[in-house]
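Written below as structure tokens is the structure these notes are about.
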Amino acid sequence: MKKSLVYFTDFRCSDAENLQQKFTRLLKTAGLAKLDLADKFVAIKMHFGEPGCLAYLRPNWAKTLADFIKAQGGRPFLTDANTLYVGRRKDALEHIAAAYENGFSPFSTGCHVIIADGLRGTDDVAVPLPDGKYVKAAYIGRALVDADVVISLNHFKCHEMTGIGGALKNLGMGGGSRAGKKAMHSSVHPSIDHDLCIGCGRCTRECAHGACTIGKDRKANIDPKKCVGCGRCIGACNRDAVVSDFGTPCTVLQGKIAEYAAAVVRGRESFHISFICDVSPHCDCRPMNDVPLVNDIGIAASADPVALDKACADLCNAAPVNPSSCLAGVDTKGDLFTAMHPSTRWQEAVTEGERMKLGSSAYTLKRI
Ligand code: SF4
Ligand code: SF4
């Protein structure tokens, strides 16, 4: 199998080169300057962070990347699509306000925020996927489809539904419009283990769809007719009582995400960057963040999003568990992500990415 190149730098720096300069050197070395960006609309696909979460990427990284693109003659913009669940990023007005609140303004990053699927999350394009196993048309936010070049700027961390949140998740799930996200989540519904549930009600407060309620027996229940499969209740429960039957559905979810990611990047140039810092136990979609599971590791960049995700997971799994984190004292068996979210299988993201010919799990890590 042909190995893809993943370029990597740690976060060490000196007076001679600060971290933004080091990031710029990484972009150059990894080949971003070789892309023809002149006069191109360049979508920087990222996650602005749900207000309340402080683990999202610093806006300074977006500015450094946008400056690099502009120096190549490109016309960058920051973009994400609206969420499926009710929060602070469910329509374009609230989403832009959340982005600004978290520091992603044109003044701080030098480029505009465009919500990919428009005011109400309905401005999408059905991108045909003749080779899709689960999806024959992916509903992608129009601004992403209209861009000439797509760059995913990812915060690498855990995710409640997919184990890892990296490039494929950012592109696939993140690029889907509301209709697209609903189609991806449709096969996954958590349920409650009543032996573990103590009826505290935290999951019901987290559920924005009224799907999770407390019964007369003081146990939580999930109504599959109302549940949209967003997974927020899973992270809300301190007793691990919200569980997903992630046998077949997990494979299906990872498969759909990979197919959506393919719909985002096919037919145009793309490039992928992951920051392995603040590796929090949960997605940045939650309005909170717990102590990172490992120390900050570095920045990785590649033309191959599959290799990039695999490399980032391997780097995390090779690092010692942070003794202040929720995994302190837990035998992770060398796999942070499965230890954190036992019903997920992050490796399937990589397998499904390969199936969609998005890249290769075989990689060479080039340290700069
Ligand atoms: S958060 Fe967990 S323990 Fe509390 S009601 Fe929900 S399932 Fe039960
Ligand atoms: S029950 Fe859980 S997964 Fe379903 S919509 Fe509510 S929070 Fe999301």
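Numbering starts fresh at 1 for the residues of each chain in the structure tokens, the chains themselves are lettered A, B, ... in the order given, and ligands are numbered from 1 as they appear.
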**OP:** Using only C-alpha atoms and all ligand atoms, determine which residues fall within 12 Å of ligand 1, then list them as a PyMOL selection string.
**Re:** chain A and resi 190-207+211-215+217-222+232-244
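When DSSP is run on the backbone, the residues of stretch 84-172 of chain A that fall into helix (DSSP H, G or I) are A:Ala92, A:Leu93, A:Glu94, A:His95, A:Ile96, A:Ala97, A:Ala98, A:Ala99, A:Tyr100, A:Glu101, A:Pro106, A:Phe107, A:Ser108, A:Thr109, A:Arg142, A:Ala143, A:Leu144, A:Val145, A:Asp146, A:Ala167, A:Leu168, A:Lys169, A:Asn170, A:Leu171, A:Gly172.
Closest approach to A:Ala137 among A:Thr83, A:Lys34, A:Gly180, A:Met356 is made by A:Gly180 (distances from only C-alpha atoms).
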Original post:
Do you know which residues are at most 8 Å from A:Ile273 counting only C-alpha atoms, after dropping those on the same chain fewer than 6 positions away, and could you put them as number ranges by chain?
Top reply: A: 151-154, 167, 299-302, 308
**OP:** Determine the nearest neighbour of ligand 2 from the options A:Gly298, A:Gly231, A:Pro76, A:Gly141, counting only C-alpha atoms and all ligand atoms.
**Re:** A:Gly231
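Of the residues listed (A:Lys225, A:Arg58, A:Lys133, A:His47), A:His47 shows the shortest atom-to-atom separation from A:Ile96; distances use only C-alpha atoms.
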